[in-house]
Every structure is written in structure tokens, then in C-alpha cells.
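To start, the structure itself, in C-alpha cells.
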Amino acid sequence: MLDSVASRTAHRVAVRRAEHQVLDTPRIFEDPLSLRIIEPESRAKIQPGRVNRKQRLTKSFRAYMALRSRWAEDELAKAVGQGIHQYVILGAGLDTFAYRNPHEGLKVFEVDHPATQAWKTQRLAEEGIPVPESVRFVPAHFERETLAEELAGTDFHPNEPAFFAWLGVTPYLTDRAFEETLRFVAACPVGSGIAFDYQIPRTSLNPMESMALDALSLHVANAGEPFQLFFEPEPLQARLLTMGFHSLEDLGRDQMNTRYYAGRADALRVKGNLARLMRASV
Ligand SMILES: C[S@@+](CC[C@H](N)C(=O)[O-])C[C@H]1O[C@@H](n2cnc3c(N)ncnc32)[C@H](O)[C@@H]1O
């Protein structure tokens with residue numbers, strides 16, 4: 001990512017969540033604030049009953065964006081049910097969970113690139129979205145600082161379990177930053193866990209999926225945020241176990257669609273095997 005520029009990809013994925021609120025019935029992810037936090041020009045293009053060409057072409061991308069956020073919040077709810085009081089959103093972008101947090105007593109740490117975070121807090125203020133007392137903003141650059149160092153400056157309790165979400169971030173990192181962050185999570189107390197997504201290498205994709213990845217890669221590279229990290233599921237699973245995670249759940253496209261999009265009349269679903277969801281527990 002460029003140092004002084006807020007993440008454009010963060011805006012793009014937030015727009016997809018906002019579109020889901022208006023264009024899809026039934027919704028699988030309830031996020032009314034997504035419509036407020038995106039830029040007003042993008043919001044104006046989201047009209048009920050009027051699906052434009054771009055929205056038609058990105059339907060499956062929208063399905064994935066709504067799904068991964070819903071899944072992370074479902075996993076968080078399970079963790080809260082097991083007594084977790086700390087939620088760390090890594091690379092939070094325009095995620096709105098913290099501003100509609102239904103879990104009493106849950107502290108939310110939003111960790112993000114300083115420029116993205118500054119833009120987000122500005123958007124929150126511009127839209128008059130109240131920031132609850134439970135929210136902590138932690139500016140951090142995953143390539144330069146460790147999560148341990150950054151969280152040490154907050155009231156995060158390293159001796160208590162925590163749940164982490166890391167959505168749409170790993171493809172933009174170096175392997176070193178990926179490893180360091182996961183090692184921090186793996187060293188958290190038993191009961192901790194992380195939900196993240198990751199991308200499959202081009203060599204394992206079919207021709208249609210490769211074309212989709214090429215288009216997406218070009219798009220993000222033009223935004224100054226090139227993809228650089230991909231994983232095959234099995235070696236990644238082995239690596240996580242070596243790091244000290246004890247149980248894993250790794251969801252591919254079909255499992256995602258079965259869980260969240262079964263039986264729909266509007267054919268909203270994730271297409272292609274470009275990305276997967278990983279839940280790793282300590
Ligand atoms: C595609 S956005 C995803 C945002 C959010 N998780 C979501 O799902 O809406 C990528 C996020 O990763 C953050 N990011 C990327 N590289 C980073 C780095 N090296 N250090 C800190 N944050 C980074 C960006 O600032 C941005 O918020």
C-alpha cells in the first residue's frame with residue numbers, strides 16, 4: 001500500500017456490502033451503516049430495483065463480500081458465547097461492526113494502515129456515526145510494526161483470549177508480515193481464534209477463474225495495492241498447525257454457498273474458487 005493514501009480497495013469492498021443492503025433479497029448480511037460510511041457518490045449509484053451494468057458484473061463479488069463479513073461475525077458470535085471480550089479487526093477498512101456491536105462488554109480494536117484509519121474516522125464524523133466507548137483505533141502498518149507492539153499501547157489484555165478477523169488483507173501482505181501476525185494470534189491464550197480469507201494461486205485456477213483473477217489483480221494494482229500472497233489450502237493448513245493453532249475450518253466456494261446462499265431465487269452466490277475462508281483456533 002502507498003504510505004499516504006487510504007486504501008481504495010477498502011472502499012470498493014464496502015460498496016459491495018452497501019449494494020447488498022439494497023439490491024439483494026433476502027439479505028444474508030445486515031449492515032445498514034455500510035450505506036452511510038461509503039462515499040456519497042458511490043451511495044448515489046445504489047438504487048432499489050435499478051441494477052447497473054457494473055453491479056450486474058460484480059454480483060458474485062458482492063455475494064462473496066457480504067458472505068465473508070457475515071461469516072466473520074457469526075464466528076465472532078460463537079467466540080463471544082464462549083466468553084471472549086476482545087475483538088481485533090485487522091485491516092478494518094470501512095467495516096462497521098464496531099458501530100452496531102450487539103455484544104455487551106465486547107471491546108473492539110480496529111487495527112489498520114494509518115491513512116485508511118484516518119479516512120475512516122473522517123467518514124464516521126462526516127456521517128455523524130457515533131463511535132461507542134468500546135472502540136479502540138490502533139493505527140499500524142503490518143509490514144513495519146508487529147501487532148504485539150501496536151496492541152501493547154492500548155488496553156488490550158494479552159493474557160485474556162481474543163478473537164481476530166482479517167478479511168481481505170492477506171493477499172496484500174508479504175509472507176513475513178502474514179507469518180508474524182499469525183504467530184502473535186497463535187500465542188494468545190487458549191480460546192482465542194482468527195477468521196481470515198486467502199487467495200488461491202493462479203496455477204491452481206481454471207481458465208475462467210484465471211481470467212477473473214487477472215482482471216481483479218489489474219484493478220487492485222492500479223489502486224496501488226497489488227496482490228502478492230497466495231496459498232494452497234493444504235500447505236496453509238499444515239503451516240497453521242505448526243504455528244500452534246489447534247483446530248481449523250477451511251471453507252471453499254461450495255461450502256460457503258451451501259451455508260449462506262442455498263435455495264435462493266435470485267442466484268446470488270459465490271462463483272469461482274479464487275478465495276477461501278479460514279477459521280483457526282488456539
Ligand atoms: C480490501 S481492504 C479490506 C477491508 C476490510 N477488512 C473489509 O473487509 O472491508 C484491505 C485493508 O487492509 C489494509 N492493509 C493493507 N495492507 C496493509 C498494511 N501493510 N498495513 C496495515 N493495513 C493494511 C488496508 O488499509 C485496508 O483497510
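Starting from 1 in every chain, residues are counted up; chains themselves are A, B, ... following the order of the C-alpha cells, and ligands are numbered from 1 as listed.
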Test item: residues lying within 8 Å of ligand 1 with only C-alpha atoms and all ligand atoms, as a PyMOL selection string = chain A and resi 1+6-14+65+68-69+89-95+111-117+139-144+165-170+172-173+177+225
Please, which residues of range 19-263 of chain A, numbered as in this document, come out strand (DSSP E or B) from DSSP, as a PyMOL selection string?
-> chain A and resi 47+50+86-90+107-112+135-139+163-166+193-199+247-251
Just write the chosen residues, C-alpha atoms, as an mmCIF file, in the first residue's frame.
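part12.cif written:
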```cif
data_model
loop_
_atom_site.group_PDB
_atom_site.id
_atom_site.type_symbol
_atom_site.label_atom_id
_atom_site.label_comp_id
_atom_site.auth_asym_id
_atom_site.auth_seq_id
_atom_site.Cartn_x
_atom_site.Cartn_y
_atom_site.Cartn_z
ATOM 1 C CA GLN A 47 -30.839 2.447 -6.268
ATOM 2 C CA ARG A 50 -32.106 -0.430 -10.686
ATOM 3 C CA GLN A 86 -11.876 -8.673 22.929
ATOM 4 C CA TYR A 87 -12.378 -8.442 19.166
ATOM 5 C CA VAL A 88 -9.490 -7.278 16.984
ATOM 6 C CA ILE A 89 -10.319 -6.321 13.407
ATOM 7 C CA LEU A 90 -7.086 -6.383 11.413
ATOM 8 C CA LYS A 107 -14.181 -4.289 23.250
ATOM 9 C CA VAL A 108 -13.369 -3.742 19.570
ATOM 10 C CA PHE A 109 -9.851 -2.885 18.390
ATOM 11 C CA GLU A 110 -9.705 -1.621 14.825
ATOM 12 C CA VAL A 111 -6.162 -2.068 13.552
ATOM 13 C CA ASP A 112 -5.436 -0.513 10.177
ATOM 14 C CA VAL A 135 -13.944 1.064 20.240
ATOM 15 C CA ARG A 136 -10.161 1.485 20.104
ATOM 16 C CA PHE A 137 -8.393 2.751 16.978
ATOM 17 C CA VAL A 138 -4.928 1.277 16.507
ATOM 18 C CA PRO A 139 -3.005 2.671 13.526
ATOM 19 C CA PHE A 163 -10.994 -13.134 18.565
ATOM 20 C CA PHE A 164 -9.420 -11.674 15.415
ATOM 21 C CA ALA A 165 -10.880 -11.019 11.963
ATOM 22 C CA TRP A 166 -8.605 -10.398 8.985
ATOM 23 C CA GLY A 193 -9.092 -17.568 17.314
ATOM 24 C CA ILE A 194 -8.919 -15.868 13.958
ATOM 25 C CA ALA A 195 -11.124 -15.715 10.877
ATOM 26 C CA PHE A 196 -9.379 -14.707 7.660
ATOM 27 C CA ASP A 197 -9.635 -15.225 3.943
ATOM 28 C CA TYR A 198 -6.894 -16.056 1.483
ATOM 29 C CA GLN A 199 -6.415 -16.364 -2.236
ATOM 30 C CA SER A 247 -8.334 -26.646 15.129
ATOM 31 C CA LEU A 248 -9.064 -25.308 11.677
ATOM 32 C CA GLU A 249 -12.086 -24.856 9.449
ATOM 33 C CA ASP A 250 -11.312 -24.052 5.820
ATOM 34 C CA LEU A 251 -14.310 -23.218 3.636
#
```
Find the spatial neighbours of range 207-210 of chain A, counting only C-alpha atoms, within a cut-off of 8 Å - ignore same-chain residues fewer than 5 positions away - and output them as number ranges by chain.
-> A: 202, 272-274
Kindly save the residues from that selection, with N, CA and C atoms included, as a short mmCIF file (atom, residue, chain, number, x, y, z; two decimals), in the first residue's frame.
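Output saved as result34.cif:
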```cif
data_model
loop_
_atom_site.label_atom_id
_atom_site.label_comp_id
_atom_site.auth_asym_id
_atom_site.auth_seq_id
_atom_site.Cartn_x
_atom_site.Cartn_y
_atom_site.Cartn_z
N ARG A 202 -2.74 -18.65 -8.99
CA ARG A 202 -3.25 -18.72 -10.36
C ARG A 202 -3.04 -20.11 -10.97
N GLY A 272 -16.57 -19.28 -8.76
CA GLY A 272 -15.12 -19.40 -8.86
C GLY A 272 -14.51 -19.79 -7.53
N ASN A 273 -13.33 -20.40 -7.63
CA ASN A 273 -12.62 -20.87 -6.43
C ASN A 273 -11.41 -19.98 -6.17
N LEU A 274 -11.59 -18.68 -6.21
CA LEU A 274 -10.45 -17.77 -6.09
C LEU A 274 -10.00 -17.58 -4.65
#
```
Near Ala44 in chain A, within 12 Å and counting only C-alpha atoms, which residues show up once chain neighbours fewer than 4 positions away are dropped, as a PDB file with C-alpha atoms, in the first residue's frame?
```pdb
ATOM      1  CA  VAL A  15     -19.531  -0.525  -1.657  1.00  0.00           C
ATOM      2  CA  ALA A  18     -23.743  -1.482   0.725  1.00  0.00           C
ATOM      3  CA  GLU A  19     -25.107  -2.772  -2.592  1.00  0.00           C
ATOM      4  CA  VAL A  22     -30.332  -2.553  -1.356  1.00  0.00           C
ATOM      5  CA  LEU A  35     -24.587   2.682   3.091  1.00  0.00           C
ATOM      6  CA  ARG A  36     -23.603   5.635   5.230  1.00  0.00           C
ATOM      7  CA  ILE A  38     -19.145   4.799   1.773  1.00  0.00           C
ATOM      8  CA  GLU A  39     -18.540   7.954  -0.264  1.00  0.00           C
ATOM      9  CA  PRO A  40     -21.785   9.765  -1.180  1.00  0.00           C
ATOM     10  CA  PRO A  48     -33.500  -0.109  -5.349  1.00  0.00           C
ATOM     11  CA  ARG A  50     -32.106  -0.430 -10.686  1.00  0.00           C
ATOM     12  CA  ASN A  52     -26.496  -1.045 -13.363  1.00  0.00           C
TER      13      ASN A  52
END
```
For range 42-130 of chain A versus range 24-28 of chain A, which residues have an atom no more than 12 Å away, and what is each residue's nearest atom pair and distance in Å rounded to one decimal, using only C-alpha atoms, chain-then-number order, as a tab-separated table?
```
residue	atom	partner	partner_atom	distance
A:Ile46	CA	A:Asp24	CA	11.4
A:Gln47	CA	A:Asp24	CA	11.4
A:Pro48	CA	A:Asp24	CA	9.2
A:Gly49	CA	A:Asp24	CA	9.5
A:Arg50	CA	A:Asp24	CA	11.3
A:Val51	CA	A:Asp24	CA	10.2
A:Gln55	CA	A:Asp24	CA	11.1
A:Arg56	CA	A:Asp24	CA	11.5
A:Lys59	CA	A:Asp24	CA	9.6
A:Ser60	CA	A:Asp24	CA	11.6
A:Arg62	CA	A:Asp24	CA	9.7
A:Ala63	CA	A:Ile28	CA	9.1
A:Tyr64	CA	A:Ile28	CA	10.8
A:Met65	CA	A:Ile28	CA	10.8
A:Ala66	CA	A:Ile28	CA	7.1
A:Leu67	CA	A:Ile28	CA	7.1
A:Arg68	CA	A:Ile28	CA	10.4
A:Ser69	CA	A:Ile28	CA	9.8
A:Arg70	CA	A:Ile28	CA	7.1
A:Trp71	CA	A:Ile28	CA	9.7
A:Glu73	CA	A:Ile28	CA	11.6
A:Asp74	CA	A:Ile28	CA	11.2
```
Put those residues in a file: N, CA and C atoms, as a PDB file, in the first residue's frame.
```pdb
ATOM      1  N   ILE A  46     -26.479   3.439  -5.896  1.00  0.00           N
ATOM      2  CA  ILE A  46     -27.159   2.226  -5.402  1.00  0.00           C
ATOM      3  C   ILE A  46     -28.645   2.541  -5.254  1.00  0.00           C
ATOM      4  N   GLN A  47     -29.411   2.100  -6.221  1.00  0.00           N
ATOM      5  CA  GLN A  47     -30.839   2.447  -6.268  1.00  0.00           C
ATOM      6  C   GLN A  47     -31.668   1.171  -6.250  1.00  0.00           C
ATOM      7  N   PRO A  48     -32.683   1.102  -5.389  1.00  0.00           N
ATOM      8  CA  PRO A  48     -33.500  -0.109  -5.349  1.00  0.00           C
ATOM      9  C   PRO A  48     -34.135  -0.380  -6.718  1.00  0.00           C
ATOM     10  N   GLY A  49     -34.088  -1.624  -7.154  1.00  0.00           N
ATOM     11  CA  GLY A  49     -34.740  -2.020  -8.407  1.00  0.00           C
ATOM     12  C   GLY A  49     -34.007  -1.572  -9.653  1.00  0.00           C
ATOM     13  N   ARG A  50     -32.840  -0.882  -9.491  1.00  0.00           N
ATOM     14  CA  ARG A  50     -32.106  -0.430 -10.686  1.00  0.00           C
ATOM     15  C   ARG A  50     -30.671  -0.937 -10.615  1.00  0.00           C
ATOM     16  N   VAL A  51     -30.452  -2.083 -11.216  1.00  0.00           N
ATOM     17  CA  VAL A  51     -29.121  -2.693 -11.166  1.00  0.00           C
ATOM     18  C   VAL A  51     -28.348  -2.238 -12.398  1.00  0.00           C
ATOM     19  N   GLN A  55     -22.880  -3.293 -11.412  1.00  0.00           N
ATOM     20  CA  GLN A  55     -23.459  -4.071 -10.308  1.00  0.00           C
ATOM     21  C   GLN A  55     -23.852  -5.473 -10.780  1.00  0.00           C
ATOM     22  N   ARG A  56     -24.252  -5.577 -12.056  1.00  0.00           N
ATOM     23  CA  ARG A  56     -24.586  -6.902 -12.604  1.00  0.00           C
ATOM     24  C   ARG A  56     -23.302  -7.745 -12.737  1.00  0.00           C
ATOM     25  N   LYS A  59     -21.840  -9.044  -9.327  1.00  0.00           N
ATOM     26  CA  LYS A  59     -22.807  -9.691  -8.423  1.00  0.00           C
ATOM     27  C   LYS A  59     -22.154 -10.787  -7.555  1.00  0.00           C
ATOM     28  N   SER A  60     -21.320 -11.606  -8.185  1.00  0.00           N
ATOM     29  CA  SER A  60     -20.718 -12.704  -7.432  1.00  0.00           C
ATOM     30  C   SER A  60     -19.667 -12.179  -6.433  1.00  0.00           C
ATOM     31  N   ARG A  62     -19.960  -9.293  -4.974  1.00  0.00           N
ATOM     32  CA  ARG A  62     -20.811  -8.771  -3.887  1.00  0.00           C
ATOM     33  C   ARG A  62     -21.258  -9.919  -2.973  1.00  0.00           C
ATOM     34  N   ALA A  63     -21.601 -11.039  -3.605  1.00  0.00           N
ATOM     35  CA  ALA A  63     -22.030 -12.209  -2.814  1.00  0.00           C
ATOM     36  C   ALA A  63     -20.908 -12.619  -1.856  1.00  0.00           C
ATOM     37  N   TYR A  64     -19.682 -12.585  -2.358  1.00  0.00           N
ATOM     38  CA  TYR A  64     -18.544 -13.001  -1.519  1.00  0.00           C
ATOM     39  C   TYR A  64     -18.289 -11.988  -0.405  1.00  0.00           C
ATOM     40  N   MET A  65     -18.363 -10.709  -0.733  1.00  0.00           N
ATOM     41  CA  MET A  65     -18.077  -9.678   0.277  1.00  0.00           C
ATOM     42  C   MET A  65     -19.100  -9.706   1.413  1.00  0.00           C
ATOM     43  N   ALA A  66     -20.381  -9.867   1.052  1.00  0.00           N
ATOM     44  CA  ALA A  66     -21.414  -9.936   2.095  1.00  0.00           C
ATOM     45  C   ALA A  66     -21.208 -11.199   2.930  1.00  0.00           C
ATOM     46  N   LEU A  67     -20.877 -12.284   2.227  1.00  0.00           N
ATOM     47  CA  LEU A  67     -20.747 -13.573   2.922  1.00  0.00           C
ATOM     48  C   LEU A  67     -19.577 -13.590   3.899  1.00  0.00           C
ATOM     49  N   ARG A  68     -18.420 -13.081   3.463  1.00  0.00           N
ATOM     50  CA  ARG A  68     -17.264 -13.211   4.365  1.00  0.00           C
ATOM     51  C   ARG A  68     -17.456 -12.380   5.636  1.00  0.00           C
ATOM     52  N   SER A  69     -18.136 -11.219   5.494  1.00  0.00           N
ATOM     53  CA  SER A  69     -18.375 -10.402   6.701  1.00  0.00           C
ATOM     54  C   SER A  69     -19.395 -11.085   7.615  1.00  0.00           C
ATOM     55  N   ARG A  70     -20.440 -11.648   6.999  1.00  0.00           N
ATOM     56  CA  ARG A  70     -21.443 -12.371   7.801  1.00  0.00           C
ATOM     57  C   ARG A  70     -20.770 -13.541   8.548  1.00  0.00           C
ATOM     58  N   TRP A  71     -19.938 -14.267   7.809  1.00  0.00           N
ATOM     59  CA  TRP A  71     -19.256 -15.428   8.398  1.00  0.00           C
ATOM     60  C   TRP A  71     -18.367 -14.994   9.565  1.00  0.00           C
ATOM     61  N   GLU A  73     -18.674 -12.438  11.451  1.00  0.00           N
ATOM     62  CA  GLU A  73     -19.496 -12.022  12.596  1.00  0.00           C
ATOM     63  C   GLU A  73     -20.193 -13.220  13.235  1.00  0.00           C
ATOM     64  N   ASP A  74     -20.509 -14.247  12.441  1.00  0.00           N
ATOM     65  CA  ASP A  74     -21.049 -15.488  13.012  1.00  0.00           C
ATOM     66  C   ASP A  74     -19.988 -16.152  13.889  1.00  0.00           C
TER      67      ASP A  74
END
```
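Ranking A:Met278, A:Ala187, A:Leu33, A:Leu229 by their shortest atom-to-atom distance to Pro130 in chain A, with only C-alpha atoms included, puts A:Leu33 first.
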Quick one: of A:Phe230, A:Phe178, A:Phe184, A:Tyr99, who's nearest to Pro201 in chain A, counting only C-alpha atoms?
->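 Answer, going by the shortest atom-to-atom distance: A:Phe230.
Residue nearest Asp266 in chain A, chosen from A:Leu23, A:Leu2, A:Ala125, A:Ala280 and counting only C-alpha atoms: A:Leu23.
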Distance of CA of Gly252 in chain A from CA of Leu277 in chain A, expressed in Å to one decimal place =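 Separating CA of Leu277 in chain A from CA of Gly252 in chain A is a distance of 6.8 Å.
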Counting only C-alpha atoms, the residue among A:Val185, A:Ala77, A:Leu147, A:Leu57 that lies closest to Glu160 in chain A is A:Val185
Proximity to Ala118 in chain A - best of A:Ala267, A:Ala98, A:Val5, A:Leu216, only C-alpha atoms = A:Val5
Given only C-alpha atoms as the counted atoms, nearest of A:Arg239, A:Glu41, A:Gly83, A:Arg276 to Asp254 in chain A =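 Among A:Arg239, A:Glu41, A:Gly83, A:Arg276, it is A:Arg276 that comes nearest to Asp254 in chain A.
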